[in-house]
>>> print(open('target.pdb').read())   # PDB, C-alpha atoms
ATOM      1  CA  MET W   1     -29.201-109.708 -50.686  1.00  0.00           C
ATOM      2  CA  LYS W   2     -28.390-112.441 -53.160  1.00  0.00           C
ATOM      3  CA  TYR W   3     -26.230-111.569 -56.164  1.00  0.00           C
ATOM      4  CA  ALA W   4     -23.769-113.273 -58.492  1.00  0.00           C
ATOM      5  CA  ILE W   5     -20.926-112.347 -60.816  1.00  0.00           C
ATOM      6  CA  LEU W   6     -21.133-114.174 -64.156  1.00  0.00           C
ATOM      7  CA  ASN W   7     -18.890-114.400 -67.195  1.00  0.00           C
ATOM      8  CA  SER W   8     -20.275-113.927 -70.708  1.00  0.00           C
ATOM      9  CA  GLY W   9     -18.313-113.139 -73.856  1.00  0.00           C
ATOM     10  CA  GLY W  10     -15.076-112.610 -71.888  1.00  0.00           C
ATOM     11  CA  LYS W  11     -16.687-109.927 -69.711  1.00  0.00           C
ATOM     12  CA  GLN W  12     -17.999-109.964 -66.142  1.00  0.00           C
ATOM     13  CA  TYR W  13     -21.444-108.787 -65.081  1.00  0.00           C
ATOM     14  CA  VAL W  14     -23.187-108.404 -61.715  1.00  0.00           C
ATOM     15  CA  ALA W  15     -26.555-110.150 -61.742  1.00  0.00           C
ATOM     16  CA  ARG W  16     -29.328-109.591 -59.173  1.00  0.00           C
ATOM     17  CA  GLU W  17     -32.766-111.184 -59.144  1.00  0.00           C
ATOM     18  CA  GLY W  18     -35.412-108.945 -60.730  1.00  0.00           C
ATOM     19  CA  GLU W  19     -32.876-106.715 -62.559  1.00  0.00           C
ATOM     20  CA  THR W  20     -31.711-106.631 -66.192  1.00  0.00           C
ATOM     21  CA  ILE W  21     -28.239-106.795 -67.709  1.00  0.00           C
ATOM     22  CA  GLU W  22     -26.962-106.162 -71.239  1.00  0.00           C
ATOM     23  CA  VAL W  23     -24.457-108.721 -72.501  1.00  0.00           C
ATOM     24  CA  ASP W  24     -22.781-109.141 -75.869  1.00  0.00           C
ATOM     25  CA  ARG W  25     -25.196-110.456 -78.510  1.00  0.00           C
ATOM     26  CA  LEU W  26     -26.522-113.974 -77.957  1.00  0.00           C
ATOM     27  CA  PRO W  27     -28.041-115.893 -80.903  1.00  0.00           C
ATOM     28  CA  LEU W  28     -31.450-116.256 -79.253  1.00  0.00           C
ATOM     29  CA  GLU W  29     -34.921-115.040 -80.041  1.00  0.00           C
ATOM     30  CA  ILE W  30     -36.852-112.666 -77.828  1.00  0.00           C
ATOM     31  CA  GLY W  31     -38.669-114.461 -75.032  1.00  0.00           C
ATOM     32  CA  LYS W  32     -36.366-117.507 -74.949  1.00  0.00           C
ATOM     33  CA  PRO W  33     -34.820-118.576 -71.609  1.00  0.00           C
ATOM     34  CA  VAL W  34     -31.082-118.203 -70.938  1.00  0.00           C
ATOM     35  CA  GLU W  35     -28.883-120.024 -68.441  1.00  0.00           C
ATOM     36  CA  PHE W  36     -25.395-118.830 -67.461  1.00  0.00           C
ATOM     37  CA  LYS W  37     -23.138-121.480 -65.937  1.00  0.00           C
ATOM     38  CA  ASP W  38     -19.842-119.574 -65.712  1.00  0.00           C
ATOM     39  CA  ILE W  39     -20.449-118.124 -62.254  1.00  0.00           C
ATOM     40  CA  LEU W  40     -17.353-116.630 -60.615  1.00  0.00           C
ATOM     41  CA  LEU W  41     -18.876-115.550 -57.283  1.00  0.00           C
ATOM     42  CA  VAL W  42     -22.111-115.995 -55.377  1.00  0.00           C
ATOM     43  CA  ALA W  43     -23.200-114.051 -52.270  1.00  0.00           C
ATOM     44  CA  ASP W  44     -26.220-115.075 -50.205  1.00  0.00           C
ATOM     45  CA  ASN W  45     -27.088-113.490 -46.818  1.00  0.00           C
ATOM     46  CA  GLY W  46     -23.469-112.588 -46.053  1.00  0.00           C
ATOM     47  CA  GLU W  47     -22.144-116.004 -47.130  1.00  0.00           C
ATOM     48  CA  ILE W  48     -19.762-115.595 -50.094  1.00  0.00           C
ATOM     49  CA  ALA W  49     -18.657-118.471 -52.328  1.00  0.00           C
ATOM     50  CA  VAL W  50     -15.701-117.732 -54.606  1.00  0.00           C
ATOM     51  CA  GLY W  51     -15.014-120.025 -57.547  1.00  0.00           C
ATOM     52  CA  THR W  52     -11.690-121.544 -58.552  1.00  0.00           C
ATOM     53  CA  PRO W  53     -12.333-120.221 -61.153  1.00  0.00           C
ATOM     54  CA  ILE W  54     -16.034-121.243 -61.279  1.00  0.00           C
ATOM     55  CA  VAL W  55     -18.460-121.987 -58.444  1.00  0.00           C
ATOM     56  CA  LYS W  56     -19.585-125.579 -58.902  1.00  0.00           C
ATOM     57  CA  GLY W  57     -23.334-126.087 -59.162  1.00  0.00           C
ATOM     58  CA  ALA W  58     -24.199-122.353 -59.279  1.00  0.00           C
ATOM     59  CA  THR W  59     -26.293-121.060 -62.193  1.00  0.00           C
ATOM     60  CA  VAL W  60     -28.078-117.858 -63.183  1.00  0.00           C
ATOM     61  CA  LYS W  61     -31.337-118.164 -65.125  1.00  0.00           C
ATOM     62  CA  GLY W  62     -32.915-115.392 -67.176  1.00  0.00           C
ATOM     63  CA  ARG W  63     -35.025-114.525 -70.201  1.00  0.00           C
ATOM     64  CA  VAL W  64     -34.207-112.571 -73.361  1.00  0.00           C
ATOM     65  CA  LEU W  65     -36.082-109.284 -73.483  1.00  0.00           C
ATOM     66  CA  ASP W  66     -34.627-107.588 -76.570  1.00  0.00           C
ATOM     67  CA  GLN W  67     -31.840-107.500 -79.140  1.00  0.00           C
ATOM     68  CA  ILE W  68     -30.469-103.945 -79.192  1.00  0.00           C
ATOM     69  CA  LYS W  69     -27.688-101.895 -80.787  1.00  0.00           C
ATOM     70  CA  ALA W  70     -25.420 -99.372 -79.115  1.00  0.00           C
ATOM     71  CA  ALA W  71     -24.786 -95.852 -80.392  1.00  0.00           C
ATOM     72  CA  LYS W  72     -22.842 -95.532 -83.637  1.00  0.00           C
ATOM     73  CA  ILE W  73     -19.114 -94.949 -83.571  1.00  0.00           C
ATOM     74  CA  ILE W  74     -16.946 -93.876 -86.536  1.00  0.00           C
ATOM     75  CA  VAL W  75     -13.737 -95.688 -87.395  1.00  0.00           C
ATOM     76  CA  PHE W  76     -11.548 -93.447 -89.573  1.00  0.00           C
ATOM     77  CA  LYS W  77      -8.178 -94.517 -90.977  1.00  0.00           C
ATOM     78  CA  TYR W  78      -5.790 -91.868 -92.317  1.00  0.00           C
ATOM     79  CA  VAL W  79      -2.297 -92.083 -93.809  1.00  0.00           C
ATOM     80  CA  PRO W  80      -0.665 -88.698 -94.484  1.00  0.00           C
ATOM     81  CA  LYS W  81       0.925 -87.936 -97.895  1.00  0.00           C
ATOM     82  CA  GLN W  82      -0.446 -91.176 -99.320  1.00  0.00           C
ATOM     83  CA  ARG W  83      -4.040 -90.124-100.165  1.00  0.00           C
ATOM     84  CA  TYR W  84      -5.373 -92.937 -97.936  1.00  0.00           C
ATOM     85  CA  ARG W  85      -8.700 -92.255 -96.267  1.00  0.00           C
ATOM     86  CA  ARG W  86     -11.142 -94.864 -94.917  1.00  0.00           C
ATOM     87  CA  LYS W  87     -14.320 -94.099 -92.955  1.00  0.00           C
ATOM     88  CA  GLN W  88     -16.526 -96.763 -91.420  1.00  0.00           C
ATOM     89  CA  GLY W  89     -19.349 -96.775 -88.861  1.00  0.00           C
ATOM     90  CA  HIS W  90     -20.043 -99.424 -86.260  1.00  0.00           C
ATOM     91  CA  ARG W  91     -22.889-100.241 -83.859  1.00  0.00           C
ATOM     92  CA  GLN W  92     -22.234-102.915 -81.240  1.00  0.00           C
ATOM     93  CA  ARG W  93     -25.039-105.423 -80.731  1.00  0.00           C
ATOM     94  CA  TYR W  94     -26.252-106.405 -77.277  1.00  0.00           C
ATOM     95  CA  THR W  95     -28.835-108.751 -75.797  1.00  0.00           C
ATOM     96  CA  ARG W  96     -30.934-107.506 -72.890  1.00  0.00           C
ATOM     97  CA  VAL W  97     -31.587-110.244 -70.355  1.00  0.00           C
ATOM     98  CA  ALA W  98     -33.884-110.203 -67.306  1.00  0.00           C
ATOM     99  CA  ILE W  99     -32.483-112.152 -64.334  1.00  0.00           C
ATOM    100  CA  GLU W 100     -35.123-114.471 -62.897  1.00  0.00           C
ATOM    101  CA  LYS W 101     -33.305-116.766 -60.479  1.00  0.00           C
ATOM    102  CA  ILE W 102     -29.862-117.304 -58.950  1.00  0.00           C
ATOM    103  CA  SER W 103     -29.493-120.919 -57.884  1.00  0.00           C
ATOM    104  CA  VAL W 104     -26.787-121.797 -55.372  1.00  0.00           C
ATOM    105  CA  THR W 105     -25.367-125.189 -54.448  1.00  0.00           C
ATOM    106  CA  ALA W 106     -26.668-126.963 -51.365  1.00  0.00           C
ATOM    107  CA  ALA W 107     -23.225-126.721 -49.717  1.00  0.00           C
ATOM    108  CA  VAL W 108     -23.285-122.919 -49.792  1.00  0.00           C
ATOM    109  CA  GLU W 109     -26.820-122.829 -48.384  1.00  0.00           C
ATOM    110  CA  LYS W 110     -25.811-125.153 -45.554  1.00  0.00           C
ATOM    111  CA  LYS W 111     -22.886-122.882 -44.619  1.00  0.00           C
ATOM    112  CA  ALA W 112     -25.191-119.870 -44.463  1.00  0.00           C
ATOM    113  CA  ALA W 113     -27.673-121.773 -42.262  1.00  0.00           C
ATOM    114  CA  ALA W 114     -24.856-122.969 -39.968  1.00  0.00           C
ATOM    115  CA  LYS W 115     -23.703-119.387 -39.446  1.00  0.00           C
ATOM    116  CA  ASP W 116     -27.205-118.203 -38.560  1.00  0.00           C
ATOM    117  CA  GLU W 117     -27.788-120.911 -35.907  1.00  0.00           C
ATOM    118  CA  PRO W 118     -25.089-119.738 -33.415  1.00  0.00           C
ATOM    119  CA  LYS W 119     -26.406-116.180 -33.609  1.00  0.00           C
ATOM    120  CA  LYS W 120     -29.928-117.321 -32.691  1.00  0.00           C
ATOM    121  CA  ALA W 121     -28.606-119.432 -29.807  1.00  0.00           C
ATOM    122  CA  ALA W 122     -26.606-116.490 -28.466  1.00  0.00           C
ATOM    123  CA  VAL W 123     -29.692-114.252 -28.488  1.00  0.00           C
ATOM    124  CA  LYS W 124     -31.639-116.822 -26.476  1.00  0.00           C
ATOM    125  CA  ASP W 125     -28.871-117.296 -23.885  1.00  0.00           C
ATOM    126  CA  GLN W 126     -28.305-113.577 -23.185  1.00  0.00           C
ATOM    127  CA  PRO W 127     -30.738-113.210 -20.210  1.00  0.00           C
ATOM    128  CA  LYS W 128     -29.356-116.371 -18.539  1.00  0.00           C
ATOM    129  CA  THR W 129     -25.739-115.253 -18.686  1.00  0.00           C
ATOM    130  CA  ALA W 130     -26.433-111.764 -17.295  1.00  0.00           C
ATOM    131  CA  PRO W 131     -26.803-112.781 -13.592  1.00  0.00           C
ATOM    132  CA  ALA W 132     -23.634-114.874 -13.760  1.00  0.00           C
ATOM    133  CA  LYS W 133     -21.691-111.844 -14.904  1.00  0.00           C
ATOM    134  CA  ALA W 134     -23.083-109.835 -11.986  1.00  0.00           C
ATOM    135  CA  THR W 135     -21.946-112.452  -9.451  1.00  0.00           C
ATOM    136  CA  LYS W 136     -18.488-112.465 -10.963  1.00  0.00           C
ATOM    137  CA  SER W 137     -18.263-108.686 -10.645  1.00  0.00           C
ATOM    138  CA  THR W 138     -19.294-108.777  -6.968  1.00  0.00           C
ATOM    139  CA  ALA W 139     -16.767-111.507  -6.206  1.00  0.00           C
ATOM    140  CA  SER W 140     -14.018-109.467  -7.876  1.00  0.00           C
ATOM    141  CA  LYS W 141     -14.973-106.394  -5.812  1.00  0.00           C
ATOM    142  CA  ALA W 142     -14.813-108.421  -2.574  1.00  0.00           C
ATOM    143  CA  LYS W 143     -11.362-109.695  -3.485  1.00  0.00           C
ATOM    144  CA  ALA W 144     -10.215-106.162  -4.212  1.00  0.00           C
ATOM    145  CA  THR W 145     -11.345-104.938  -0.777  1.00  0.00           C
ATOM    146  CA  THR W 146      -9.607-107.816   1.024  1.00  0.00           C
ATOM    147  CA  LYS W 147      -6.414-107.083  -0.835  1.00  0.00           C
ATOM    148  CA  ALA W 148      -6.610-103.360  -0.040  1.00  0.00           C
ATOM    149  CA  LYS W 149      -6.906-103.814   3.771  1.00  0.00           C
ATOM    150  CA  PRO W 150      -3.497-105.464   4.432  1.00  0.00           C
ATOM    151  CA  LYS W 151      -1.770-102.605   2.613  1.00  0.00           C
ATOM    152  CA  SER W 152      -3.077-100.039   5.095  1.00  0.00           C
ATOM    153  CA  ALA W 153      -1.805-102.168   8.053  1.00  0.00           C
ATOM    154  CA  THR W 154       1.691-102.461   6.666  1.00  0.00           C
ATOM    155  CA  LYS W 155       2.163 -98.718   6.047  1.00  0.00           C
ATOM    156  CA  PRO W 156       3.054 -97.697   9.688  1.00  0.00           C
ATOM    157  CA  ALA W 157       5.693-100.441   9.875  1.00  0.00           C
ATOM    158  CA  ALA W 158       7.382 -98.961   6.842  1.00  0.00           C
ATOM    159  CA  LYS W 159       7.537 -95.522   8.555  1.00  0.00           C
ATOM    160  CA  LYS W 160       9.196 -97.036  11.651  1.00  0.00           C
ATOM    161  CA  THR W 161      11.843 -98.711   9.606  1.00  0.00           C
ATOM    162  CA  THR W 162      12.621 -95.459   7.854  1.00  0.00           C
ATOM    163  CA  ALA W 163      12.966 -93.668  11.196  1.00  0.00           C
ATOM    164  CA  SER W 164      15.304 -96.344  12.599  1.00  0.00           C
ATOM    165  CA  LYS W 165      17.416 -96.158   9.486  1.00  0.00           C
ATOM    166  CA  SER W 166      17.714 -92.375   9.633  1.00  0.00           C
ATOM    167  CA  THR W 167      18.977 -92.209  13.262  1.00  0.00           C
ATOM    168  CA  PRO W 168      22.307 -94.009  12.773  1.00  0.00           C
ATOM    169  CA  LYS W 169      23.177 -91.616   9.997  1.00  0.00           C
ATOM    170  CA  LYS W 170      22.772 -88.630  12.302  1.00  0.00           C
ATOM    171  CA  THR W 171      24.962 -90.181  14.992  1.00  0.00           C
ATOM    172  CA  GLU W 172      27.611 -90.987  12.483  1.00  0.00           C
ATOM    173  CA  LYS W 173      27.568 -87.397  11.270  1.00  0.00           C
ATOM    174  CA  SER W 174      27.865 -86.022  14.793  1.00  0.00           C
ATOM    175  CA  ALA W 175      30.735 -88.380  15.534  1.00  0.00           C
ATOM    176  CA  GLY W 176      32.422 -87.253  12.370  1.00  0.00           C
ATOM    177  CA  THR W 177      32.116 -83.627  13.382  1.00  0.00           C
ATOM    178  CA  LYS W 178      33.590 -84.378  16.845  1.00  0.00           C
ATOM    179  CA  LYS W 179      36.495 -86.208  15.313  1.00  0.00           C
ATOM    180  CA  THR W 180      37.258 -83.359  12.969  1.00  0.00           C
ATOM    181  CA  SER W 181      37.352 -80.746  15.804  1.00  0.00           C
ATOM    182  CA  PRO W 182      40.755 -81.883  17.269  1.00  0.00           C
ATOM    183  CA  THR W 183      42.369 -81.571  13.905  1.00  0.00           C
ATOM    184  CA  LYS W 184      41.066 -78.021  13.572  1.00  0.00           C
ATOM    185  CA  SER W 185      42.492 -77.073  17.032  1.00  0.00           C
ATOM    186  CA  SER W 186      45.908 -78.540  16.200  1.00  0.00           C
ATOM    187  CA  THR W 187      46.072 -76.519  13.003  1.00  0.00           C
ATOM    188  CA  ALA W 188      45.076 -73.363  14.910  1.00  0.00           C
ATOM    189  CA  LYS W 189      47.890 -73.948  17.451  1.00  0.00           C
ATOM    190  CA  LYS W 190      50.426 -74.377  14.692  1.00  0.00           C
ATOM    191  CA  SER W 191      49.344 -71.162  13.027  1.00  0.00           C
ATOM    192  CA  THR W 192      49.609 -69.203  16.328  1.00  0.00           C
ATOM    193  CA  ALA W 193      53.094 -70.616  16.975  1.00  0.00           C
ATOM    194  CA  LYS W 194      54.202 -69.508  13.531  1.00  0.00           C
ATOM    195  CA  SER W 195      52.802 -66.024  14.053  1.00  0.00           C
ATOM    196  CA  THR W 196      54.606 -65.629  17.435  1.00  0.00           C
ATOM    197  CA  LYS W 197      57.898 -66.658  15.910  1.00  0.00           C
ATOM    198  CA  ALA W 198      57.453 -64.171  13.111  1.00  0.00           C
ATOM    199  CA  THR W 199      56.668 -61.324  15.506  1.00  0.00           C
ATOM    200  CA  SER W 200      59.681 -62.189  17.696  1.00  0.00           C
ATOM    201  CA  LYS W 201      61.947 -62.069  14.683  1.00  0.00           C
ATOM    202  CA  LYS W 202      60.550 -58.693  13.690  1.00  0.00           C
ATOM    203  CA  THR W 203      61.128 -57.226  17.159  1.00  0.00           C
ATOM    204  CA  GLU W 204      64.692 -58.535  17.234  1.00  0.00           C
ATOM    205  CA  SER W 205      65.430 -57.001  13.872  1.00  0.00           C
ATOM    206  CA  LYS W 206      63.962 -53.674  15.007  1.00  0.00           C
ATOM    207  CA  SER W 207      66.010 -53.704  18.198  1.00  0.00           C
ATOM    208  CA  SER W 208      69.199 -54.492  16.297  1.00  0.00           C
ATOM    209  CA  THR W 209      68.566 -51.628  13.899  1.00  0.00           C
ATOM    210  CA  LYS W 210      67.978 -49.241  16.839  1.00  0.00           C
ATOM    211  CA  SER W 211      71.194 -50.266  18.570  1.00  0.00           C
ATOM    212  CA  SER W 212      73.212 -49.822  15.412  1.00  0.00           C
ATOM    213  CA  SER W 213      71.730 -46.381  14.855  1.00  0.00           C
ATOM    214  CA  GLU W 214      72.552 -45.336  18.427  1.00  0.00           C
ATOM    215  CA  LYS W 215      76.169 -46.463  18.030  1.00  0.00           C
ATOM    216  CA  SER W 216      76.565 -44.495  14.877  1.00  0.00           C
ATOM    217  CA  THR W 217      75.233 -41.297  16.516  1.00  0.00           C
ATOM    218  CA  LYS W 218      77.656 -41.681  19.465  1.00  0.00           C
ATOM    219  CA  ASP W 219      80.614 -42.074  17.156  1.00  0.00           C
ATOM    220  CA  LYS W 220      79.666 -38.916  15.347  1.00  0.00           C
ATOM    221  CA  LYS W 221      79.497 -36.896  18.602  1.00  0.00           C
ATOM    222  CA  LYS W 222      82.935 -38.009  19.640  1.00  0.00           C
TER
END
>>> encode(input="target.pdb", output="structure tokens")
Amino acid sequence: MKYAILNSGGKQYVAREGETIEVDRLPLEIGKPVEFKDILLVADNGEIAVGTPIVKGATVKGRVLDQIKAAKIIVFKYVPKQRYRRKQGHRQRYTRVAIEKISVTAAVEKKAAAKDEPKKAAVKDQPKTAPAKATKSTASKAKATTKAKPKSATKPAAKKTTASKSTPKKTEKSAGTKKTSPTKSSTAKKSTAKSTKATSKKTESKSSTKSSSEKSTKDKKK
């Protein structure tokens, strides 16, 4: 949809073809044509032209329908303790304008037409490109299958390598256990030797105590 934003009386209005707008009073008679040249923005079929600050060559044409007045407002001035009172009414005047045509520069129209052409070409080329996409998908599937087959062949080799790696560890562990056994036997021998010495000492001490007790009893009898 075509629309424009125009400037009139320091205010901005949105103008569309076939609609009416109310702008600040213009010194024109009813039925006279109006042309607004201060156009800030123009949109036409999705193509937007923004002015810097005005769009060059863009105009909005209309016709005066009526000169109207807004509702009355009261302006009241009051100063306390000074007996100052002023009351005044005001009705703002407006001009009702019917928008007839929004003219856009040829450059903007060319841009809009250039954008529409690629879309039409893409719509025409859609059926032709569809089979090509299908062939690409089949080729990619074939490549995926060829890549997947070598992986299955290499898996058993990996298991063998793991088995060969695990066997030396077991042999090393067994060798370690055999090496540690002589040390355990030597420690056991040492402990038994110590225990025999301790028992022999105990028996000697017991025998010495018995002999001393026997001597003492004999002396007493004598």
>>> resolve_selection(input="target.pdb", expression="the PyMOL selection byres ((chain W and resi 86-102) around 9)", output="number ranges by chain")
W: 2-4, 15-28, 34, 42, 58-78, 84-85, 103-104
>>> residues_around(input="target.pdb", residues="W:Asn7", least_positions_apart="3", cutoff="7 Å", atoms="all atoms listed in the file", output="ChimeraX atom specification")
/W:10-13,38-39
>>> atom_distance(input="target.pdb", atom1="atom CA of W:Thr52", atom2="atom CA of W:Phe36")
16.6 Å
>>> atom_distance(input="target.pdb", atom1="atom CA of W:Ile54", atom2="atom CA of W:Glu29")
27.3 Å
>>> atom_distance(input="target.pdb", atom1="atom CA of W:Ser200", atom2="atom CA of W:Glu214")
21.2 Å
